[in-house]
>>> print(open('entry_36.cif').read())   # mmCIF, C-alpha atoms
data_structure
#
loop_
_atom_site.label_atom_id
_atom_site.label_comp_id
_atom_site.auth_asym_id
_atom_site.auth_seq_id
_atom_site.Cartn_x
_atom_site.Cartn_y
_atom_site.Cartn_z
CA MET A 1 144.98 103.05 142.13
CA THR A 2 144.12 103.54 138.46
CA ALA A 3 146.68 104.95 136.09
CA HIS A 4 145.40 107.24 133.35
CA ALA A 5 147.22 108.07 130.15
CA PRO A 6 148.08 111.76 129.91
CA VAL A 7 145.81 113.87 127.72
CA PRO A 8 147.76 114.85 124.57
CA ASP A 9 148.66 118.51 124.18
CA TYR A 10 146.66 119.08 121.01
CA ALA A 11 147.51 122.77 120.81
CA ALA A 12 151.21 121.90 120.72
CA ALA A 13 150.54 119.15 118.16
CA ARG A 14 148.65 121.64 116.00
CA GLN A 15 151.57 124.08 116.06
CA ALA A 16 153.97 121.24 115.25
CA MET A 17 151.74 120.39 112.27
CA VAL A 18 152.13 123.95 111.01
CA ASP A 19 155.90 124.04 111.53
CA SER A 20 156.85 120.55 110.35
CA GLN A 21 154.14 119.66 107.80
CA LEU A 22 152.54 122.76 106.32
CA ARG A 23 155.33 125.31 105.96
CA PRO A 24 158.02 122.85 104.68
CA GLN A 25 155.65 121.58 101.97
CA GLY A 26 154.82 125.01 100.57
CA VAL A 27 151.71 126.03 102.51
CA ASN A 28 152.61 129.71 102.75
CA ASP A 29 149.31 131.61 102.66
CA PRO A 30 149.11 133.36 106.08
CA SER A 31 145.33 133.07 106.23
CA VAL A 32 145.44 129.31 105.53
CA ILE A 33 148.16 128.85 108.15
CA GLU A 34 146.12 130.83 110.67
CA ALA A 35 142.90 128.90 109.99
CA MET A 36 144.60 125.52 110.30
CA SER A 37 146.34 126.72 113.47
CA VAL A 38 143.04 127.26 115.27
CA VAL A 39 140.67 124.55 113.99
CA PRO A 40 140.98 121.53 116.34
CA ARG A 41 141.60 118.64 113.94
CA GLU A 42 141.29 116.12 116.78
CA LYS A 43 137.54 116.80 117.02
CA PHE A 44 137.01 115.45 113.52
CA VAL A 45 138.46 111.94 113.96
CA PRO A 46 137.12 108.91 115.87
CA ASP A 47 137.84 108.95 119.61
CA GLU A 48 140.27 106.05 119.43
CA LEU A 49 142.32 107.89 116.77
CA LYS A 50 142.45 111.33 118.39
CA PRO A 51 146.11 110.88 119.49
CA LEU A 52 146.92 110.43 115.77
CA ALA A 53 145.00 113.49 114.60
CA TYR A 54 148.12 115.41 113.62
CA ILE A 55 150.20 112.73 111.92
CA ASP A 56 151.24 113.55 108.36
CA ARG A 57 148.91 111.11 106.62
CA SER A 58 145.23 110.46 106.06
CA ILE A 59 143.16 109.06 108.93
CA PRO A 60 140.41 106.45 108.36
CA LEU A 61 136.90 107.56 109.30
CA GLY A 62 134.98 104.38 108.43
CA GLU A 63 132.73 103.60 105.45
CA GLY A 64 135.79 103.60 103.20
CA ARG A 65 136.37 107.28 103.90
CA ALA A 66 139.30 109.14 105.40
CA LEU A 67 140.34 112.56 106.66
CA THR A 68 143.00 113.70 104.22
CA SER A 69 146.39 114.80 105.50
CA SER A 70 146.82 118.38 106.65
CA ALA A 71 149.43 119.06 103.97
CA VAL A 72 147.05 118.04 101.16
CA LEU A 73 144.32 120.39 102.39
CA GLY A 74 146.80 123.18 103.06
CA LEU A 75 148.35 122.95 99.59
CA LEU A 76 144.98 122.93 97.84
CA LEU A 77 143.71 125.93 99.81
CA THR A 78 146.95 127.84 99.22
CA ALA A 79 146.74 127.23 95.46
CA LEU A 80 143.01 128.07 95.34
CA THR A 81 143.61 131.51 96.95
CA PRO A 82 140.19 131.67 98.64
CA LEU A 83 138.75 135.13 99.29
CA ARG A 84 136.55 136.01 102.25
CA GLY A 85 132.90 135.96 101.25
CA GLU A 86 133.28 133.51 98.36
CA ARG A 87 131.00 130.48 98.15
CA ALA A 88 132.67 127.07 98.26
CA LEU A 89 131.29 123.57 97.65
CA ILE A 90 133.04 120.69 99.39
CA VAL A 91 132.25 117.36 97.74
CA GLY A 92 132.64 114.66 100.37
CA ALA A 93 132.79 116.80 103.52
CA ALA A 94 132.98 113.71 105.78
CA THR A 95 133.22 114.80 109.44
CA GLY A 96 133.54 118.47 108.50
CA TYR A 97 137.21 119.35 109.05
CA SER A 98 137.79 120.99 105.67
CA ALA A 99 134.45 122.79 106.02
CA ALA A 100 135.52 124.15 109.40
CA VAL A 101 138.86 125.36 108.02
CA MET A 102 137.21 127.03 105.04
CA ALA A 103 134.59 128.66 107.26
CA GLU A 104 137.45 129.98 109.41
CA LEU A 105 138.81 131.54 106.21
CA GLY A 106 135.56 133.45 105.88
CA LEU A 107 134.04 131.41 103.06
CA GLU A 108 130.36 130.56 102.70
CA VAL A 109 130.66 126.77 102.76
CA VAL A 110 128.27 124.18 101.33
CA ALA A 111 129.50 120.87 102.76
CA LEU A 112 128.04 118.00 100.72
CA GLU A 113 128.13 114.53 102.29
CA SER A 114 126.49 111.25 101.23
CA SER A 115 127.00 109.40 104.54
CA ARG A 116 124.36 110.10 107.17
CA GLU A 117 126.69 108.95 109.94
CA LEU A 118 129.58 111.19 108.89
CA ALA A 119 127.23 114.13 108.36
CA ALA A 120 125.94 113.67 111.92
CA ILE A 121 129.49 113.93 113.26
CA ALA A 122 130.03 117.07 111.17
CA ARG A 123 126.94 118.64 112.74
CA LYS A 124 128.30 117.95 116.22
CA ASN A 125 131.40 119.88 115.15
CA ARG A 126 129.25 122.84 114.12
CA ALA A 127 129.66 122.21 110.41
CA LYS A 128 126.37 122.41 108.49
CA PRO A 129 126.47 119.60 105.95
CA VAL A 130 123.86 118.94 103.31
CA GLU A 131 123.20 115.30 102.48
CA GLY A 132 123.07 114.02 98.93
CA SER A 133 124.86 112.29 96.08
CA LEU A 134 128.48 113.37 95.76
CA GLN A 135 128.42 112.77 92.01
CA ASP A 136 125.51 115.20 91.54
CA GLY A 137 127.04 118.07 93.47
CA TYR A 138 124.65 120.55 95.06
CA PRO A 139 123.07 122.75 92.37
CA ALA A 140 120.61 124.35 94.81
CA LYS A 141 123.30 126.77 96.01
CA ALA A 142 125.21 127.02 92.71
CA PRO A 143 127.10 128.72 91.21
CA TYR A 144 130.21 128.38 93.38
CA ASP A 145 133.47 130.28 93.39
CA LEU A 146 135.38 127.15 94.40
CA ILE A 147 135.35 123.35 93.91
CA LEU A 148 132.90 121.65 91.49
CA ILE A 149 133.41 122.15 87.73
CA ASP A 150 129.88 122.26 86.35
CA GLN A 151 128.65 124.34 89.27
CA LEU A 152 131.43 126.93 89.19
CA VAL A 153 130.95 130.58 88.30
CA ASP A 154 133.01 131.85 85.37
CA GLY A 155 136.49 132.32 86.76
CA GLY A 156 135.76 129.91 89.64
CA ARG A 157 138.44 127.53 90.93
CA LEU A 158 138.48 123.79 91.48
CA GLY A 159 140.88 121.86 93.70
CA GLY A 160 141.25 118.12 93.89
CA ALA A 161 143.36 115.09 93.11
CA ILE A 162 143.69 112.91 90.03
CA VAL A 163 145.30 109.48 89.86
CA ASP A 164 147.41 109.35 86.70
CA LYS A 165 149.31 106.13 85.92
CA GLY A 166 149.32 105.19 89.59
CA ILE A 167 150.48 108.60 90.81
CA THR A 168 148.13 110.88 92.76
CA ARG A 169 148.50 114.50 91.66
CA LEU A 170 146.96 117.47 93.44
CA PHE A 171 145.66 120.05 91.00
CA VAL A 172 143.85 123.36 90.82
CA GLY A 173 141.95 124.62 87.83
CA ARG A 174 139.91 127.58 86.68
CA LYS A 175 136.74 127.79 84.60
CA VAL A 176 136.88 130.33 81.78
CA GLY A 177 133.83 130.56 79.54
CA GLY A 178 133.01 127.05 78.37
CA GLY A 179 136.53 125.75 79.00
CA PHE A 180 138.53 124.57 81.98
CA GLY A 181 142.27 124.61 82.50
CA GLN A 182 144.25 122.98 85.29
CA ILE A 183 147.78 122.75 86.65
CA SER A 184 149.37 120.16 88.93
CA ILE A 185 150.75 121.53 92.18
CA ALA A 186 152.17 118.44 93.90
CA ASP A 187 152.36 114.65 93.83
CA MET A 188 150.88 113.52 97.13
CA ALA A 189 148.78 110.53 98.14
CA THR A 190 145.22 111.13 99.33
CA PRO A 191 142.25 108.73 99.58
CA ALA A 192 139.77 108.55 96.70
CA LEU A 193 136.11 109.34 97.27
CA PRO A 194 133.77 106.38 96.79
CA GLY A 195 131.81 106.71 93.57
CA PHE A 196 134.55 108.58 91.73
CA GLU A 197 136.67 105.59 90.78
CA ARG A 198 137.62 105.30 87.10
CA PRO A 199 135.27 102.85 85.33
CA ARG A 200 136.83 99.51 84.49
CA VAL A 201 137.60 99.21 80.78
CA PHE A 202 137.24 95.88 79.02
CA THR A 203 140.47 94.70 77.43
CA PHE A 204 141.47 91.47 75.66
#
>>> encode(input="entry_36.cif", output="structure tokens")
Amino acid sequence: MTAHAPVPDYAAARQAMVDSQLRPQGVNDPSVIEAMSVVPREKFVPDELKPLAYIDRSIPLGEGRALTSSAVLGLLLTALTPLRGERALIVGAATGYSAAVMAELGLEVVALESSRELAAIARKNRAKPVEGSLQDGYPAKAPYDLILIDQLVDGGRLGGAIVDKGITRLFVGRKVGGGFGQISIADMATPALPGFERPRVFTF
């Protein structure tokens, strides 16, 4: 007789994520809550890590990349106030989870990914990634209402994270004319994208 581990109740785990991770940390946009309540996060992580899909931390995906925590994504989307029909660029779409959530919100999503392997997983999850350099963005579909500074429409919003003196700060900003202003919304750890590390500065 072979004993099998029980299949986790992912629907219950997803609801627990909403109740114990998103709402307590300020994710209060009903449309963001609804989208994250229905997109199956477990489909976007490696098979051996599926039981950990809903823990409150980032999950390694390989190639130095990770799926950011649900709270980080939820806070950024809440602060960005996405509107149905807007065009969004995701820089570093990885396996496609954030693209799936934003598509559920009714956005036109351009999911840019530099890793062929991660992009292939995203396609299996019905995301439609485009492959290319993360640093270059994706000007072919620009301008965007959300995400990348130099490819934003006037009034467009950018969400991301900056490491300042060892502290990771989530921020949102808005492009106005030739300028760009930003505000911090939370201090919360999230993995850095390869290629966006601060250059090393020579010191004596």
>>> residues_around(input="entry_36.cif", residues="stretch 135-150 of chain A", least_positions_apart="4", cutoff="8 Å", atoms="only C-alpha atoms", output="short mmCIF file (atom, residue, chain, number, x, y, z; two decimals) with C-alpha atoms, keeping the file's coordinate frame")
data_model
loop_
_atom_site.label_atom_id
_atom_site.label_comp_id
_atom_site.auth_asym_id
_atom_site.auth_seq_id
_atom_site.Cartn_x
_atom_site.Cartn_y
_atom_site.Cartn_z
CA LEU A 80 143.01 128.07 95.34
CA PRO A 82 140.19 131.67 98.64
CA GLU A 86 133.28 133.51 98.36
CA ARG A 87 131.00 130.48 98.15
CA ALA A 88 132.67 127.07 98.26
CA LEU A 89 131.29 123.57 97.65
CA ILE A 90 133.04 120.69 99.39
CA VAL A 91 132.25 117.36 97.74
CA VAL A 110 128.27 124.18 101.33
CA LEU A 112 128.04 118.00 100.72
CA GLY A 155 136.49 132.32 86.76
CA GLY A 156 135.76 129.91 89.64
CA ARG A 157 138.44 127.53 90.93
CA LEU A 158 138.48 123.79 91.48
CA GLY A 159 140.88 121.86 93.70
CA GLY A 160 141.25 118.12 93.89
CA LYS A 175 136.74 127.79 84.60
CA GLY A 195 131.81 106.71 93.57
CA PHE A 196 134.55 108.58 91.73
#
>>> resolve_selection(input="entry_36.cif", expression="the PyMOL selection byres ((chain A and resi 85) around 7)", output="list of chain:residue names")
A:Leu83, A:Arg84, A:Glu86, A:Arg87, A:Gly106, A:Leu107, A:Glu108
>>> write_last_selection(input="entry_36.cif", atoms="C-alpha atoms", output="compact mmCIF listing (two decimals), keeping the file's coordinate frame")
# COMPACT_ATOMS: atom_id res chain seq x y z
CA LEU A 83 138.75 135.13 99.29
CA ARG A 84 136.55 136.01 102.25
CA GLU A 86 133.28 133.51 98.36
CA ARG A 87 131.00 130.48 98.15
CA GLY A 106 135.56 133.45 105.88
CA LEU A 107 134.04 131.41 103.06
CA GLU A 108 130.36 130.56 102.70
>>> closest_residue(input="entry_36.cif", among="A:Glu104, A:Asp154, A:Glu131, A:Asp187", to="A:Arg116", atoms="only C-alpha atoms")
A:Glu131
>>> resolve_selection(input="entry_36.cif", expression="the PyMOL selection byres ((chain A and resi 36-40) around 7)", output="ChimeraX atom specification")
/A:14-15,18,32-35,41-43,100-101
>>> atom_distance(input="entry_36.cif", atom1="atom CA of A:Gly62", atom2="atom CA of A:Leu75")
24.5 Å
>>> closest_residue(input="entry_36.cif", among="A:Leu76, A:Leu118, A:Ala111, A:Ala186", to="A:Glu63", atoms="only C-alpha atoms")
A:Leu118
>>> resolve_selection(input="entry_36.cif", expression="the PyMOL selection byres ((chain A and resi 121-127) around 8)", output="PyMOL selection string")
chain A and resi 43-44+94-97+99-100+111+117-120+128-129
>>> write_last_selection(input="entry_36.cif", atoms="C-alpha atoms", output="compact mmCIF listing (two decimals), in the coordinates of the input")
# COMPACT_ATOMS: atom_id res chain seq x y z
CA LYS A 43 137.54 116.80 117.02
CA PHE A 44 137.01 115.45 113.52
CA ALA A 94 132.98 113.71 105.78
CA THR A 95 133.22 114.80 109.44
CA GLY A 96 133.54 118.47 108.50
CA TYR A 97 137.21 119.35 109.05
CA ALA A 99 134.45 122.79 106.02
CA ALA A 100 135.52 124.15 109.40
CA ALA A 111 129.50 120.87 102.76
CA GLU A 117 126.69 108.95 109.94
CA LEU A 118 129.58 111.19 108.89
CA ALA A 119 127.23 114.13 108.36
CA ALA A 120 125.94 113.67 111.92
CA LYS A 128 126.37 122.41 108.49
CA PRO A 129 126.47 119.60 105.95
>>> atom_distance(input="entry_36.cif", atom1="atom CA of A:Asp29", atom2="atom CA of A:Thr81")
8.1 Å
>>> axis_aligned_box(input="entry_36.cif", around="stretch 9-21 of chain A", padding_each_side="3 Å", output="JSON")
{"center_x": 151.8, "center_y": 121.3, "center_z": 116.0, "size_x": 16.2, "size_y": 11.6, "size_z": 22.4}
>>> decode(input="entry_36.cif", residues="stretch 90-196 of chain A", atoms="C-alpha atoms", output="short mmCIF file (atom, residue, chain, number, x, y, z; two decimals), in the first residue's frame")
data_model
loop_
_atom_site.label_atom_id
_atom_site.label_comp_id
_atom_site.auth_asym_id
_atom_site.auth_seq_id
_atom_site.Cartn_x
_atom_site.Cartn_y
_atom_site.Cartn_z
CA ILE A 90 5.87 44.38 -16.61
CA VAL A 91 9.67 44.37 -16.59
CA GLY A 92 10.79 40.92 -15.50
CA ALA A 93 7.52 39.01 -15.83
CA ALA A 94 9.18 35.70 -14.84
CA THR A 95 6.58 32.89 -14.82
CA GLY A 96 3.72 35.32 -15.44
CA TYR A 97 1.92 35.65 -12.09
CA SER A 98 1.84 39.44 -11.99
CA ALA A 99 0.84 39.48 -15.66
CA ALA A 100 -2.06 37.14 -14.91
CA VAL A 101 -3.24 39.30 -11.99
CA MET A 102 -3.03 42.48 -14.05
CA ALA A 103 -4.86 40.85 -16.96
CA GLU A 104 -7.58 39.82 -14.48
CA LEU A 105 -7.83 43.52 -13.60
CA GLY A 106 -8.65 44.22 -17.24
CA LEU A 107 -5.31 45.72 -18.25
CA GLU A 108 -3.61 45.23 -21.60
CA VAL A 109 -0.40 43.62 -20.37
CA VAL A 110 3.01 43.52 -22.07
CA ALA A 111 5.01 41.00 -20.03
CA LEU A 112 8.72 41.44 -20.77
CA GLU A 113 11.04 38.59 -19.80
CA SER A 114 14.72 37.96 -20.59
CA SER A 115 14.78 34.27 -19.59
CA ARG A 116 13.59 31.88 -22.28
CA GLU A 117 12.87 29.19 -19.69
CA LEU A 118 10.76 31.43 -17.46
CA ALA A 119 8.93 32.85 -20.47
CA ALA A 120 8.05 29.30 -21.55
CA ILE A 121 6.47 28.64 -18.15
CA ALA A 122 4.53 31.90 -18.45
CA ARG A 123 3.15 30.77 -21.80
CA LYS A 124 1.93 27.52 -20.26
CA ASN A 125 0.04 29.67 -17.75
CA ARG A 126 -1.62 31.58 -20.58
CA ALA A 127 0.46 34.70 -20.09
CA LYS A 128 1.83 36.11 -23.36
CA PRO A 129 5.37 37.22 -22.60
CA VAL A 130 7.67 39.00 -25.01
CA GLU A 131 11.35 38.14 -24.76
CA GLY A 132 14.05 40.78 -24.63
CA SER A 133 16.42 42.83 -22.51
CA LEU A 134 14.84 44.01 -19.28
CA GLN A 135 17.01 47.13 -19.24
CA ASP A 136 15.73 48.21 -22.67
CA GLY A 137 12.05 47.87 -21.87
CA TYR A 138 9.70 47.19 -24.78
CA PRO A 139 9.30 50.34 -26.89
CA ALA A 140 7.37 48.52 -29.64
CA LYS A 141 4.15 48.79 -27.61
CA ALA A 142 4.96 52.10 -25.88
CA PRO A 143 3.73 54.39 -24.48
CA TYR A 144 2.40 52.67 -21.35
CA ASP A 145 0.04 53.86 -18.67
CA LEU A 146 1.92 51.87 -16.02
CA ILE A 147 5.45 50.72 -15.13
CA LEU A 148 8.53 51.88 -17.12
CA ILE A 149 9.62 55.53 -16.80
CA ASP A 150 10.88 56.38 -20.27
CA GLN A 151 8.06 54.48 -21.94
CA LEU A 152 5.24 55.98 -19.88
CA VAL A 153 2.54 58.26 -21.27
CA ASP A 154 2.28 61.67 -19.63
CA GLY A 155 0.50 61.05 -16.35
CA GLY A 156 1.50 57.36 -16.42
CA ARG A 157 2.44 55.53 -13.21
CA LEU A 158 5.46 53.46 -12.24
CA GLY A 159 5.65 50.95 -9.40
CA GLY A 160 8.75 49.25 -8.12
CA ALA A 161 11.28 48.93 -5.33
CA ILE A 162 14.46 50.83 -4.52
CA VAL A 163 17.18 49.74 -2.11
CA ASP A 164 18.22 52.78 -0.08
CA LYS A 165 20.97 52.36 2.54
CA GLY A 166 20.17 48.67 2.84
CA ILE A 167 16.41 49.15 3.14
CA THR A 168 14.07 48.07 0.33
CA ARG A 169 11.32 50.63 -0.23
CA LEU A 170 8.28 50.08 -2.43
CA PHE A 171 7.37 53.20 -4.37
CA VAL A 172 4.96 54.53 -6.94
CA GLY A 173 5.58 57.52 -9.14
CA ARG A 174 3.94 59.55 -11.87
CA LYS A 175 5.35 61.12 -15.02
CA VAL A 176 4.33 64.74 -15.56
CA GLY A 177 5.77 66.47 -18.61
CA GLY A 178 9.53 65.95 -18.55
CA GLY A 179 9.62 65.27 -14.81
CA PHE A 180 8.92 62.34 -12.54
CA GLY A 181 7.84 62.35 -8.91
CA GLN A 182 7.62 59.40 -6.55
CA ILE A 183 6.46 58.50 -3.05
CA SER A 184 7.39 55.57 -0.83
CA ILE A 185 4.46 53.38 0.21
CA ALA A 186 6.10 50.71 2.39
CA ASP A 187 9.41 49.20 3.51
CA MET A 188 9.27 45.58 2.40
CA ALA A 189 11.89 43.16 1.13
CA THR A 190 11.61 41.91 -2.45
CA PRO A 191 14.25 40.31 -4.72
CA ALA A 192 16.19 42.52 -7.13
CA LEU A 193 16.04 41.89 -10.87
CA PRO A 194 19.35 40.79 -12.40
CA GLY A 195 20.89 43.59 -14.44
CA PHE A 196 19.47 46.36 -12.27
#
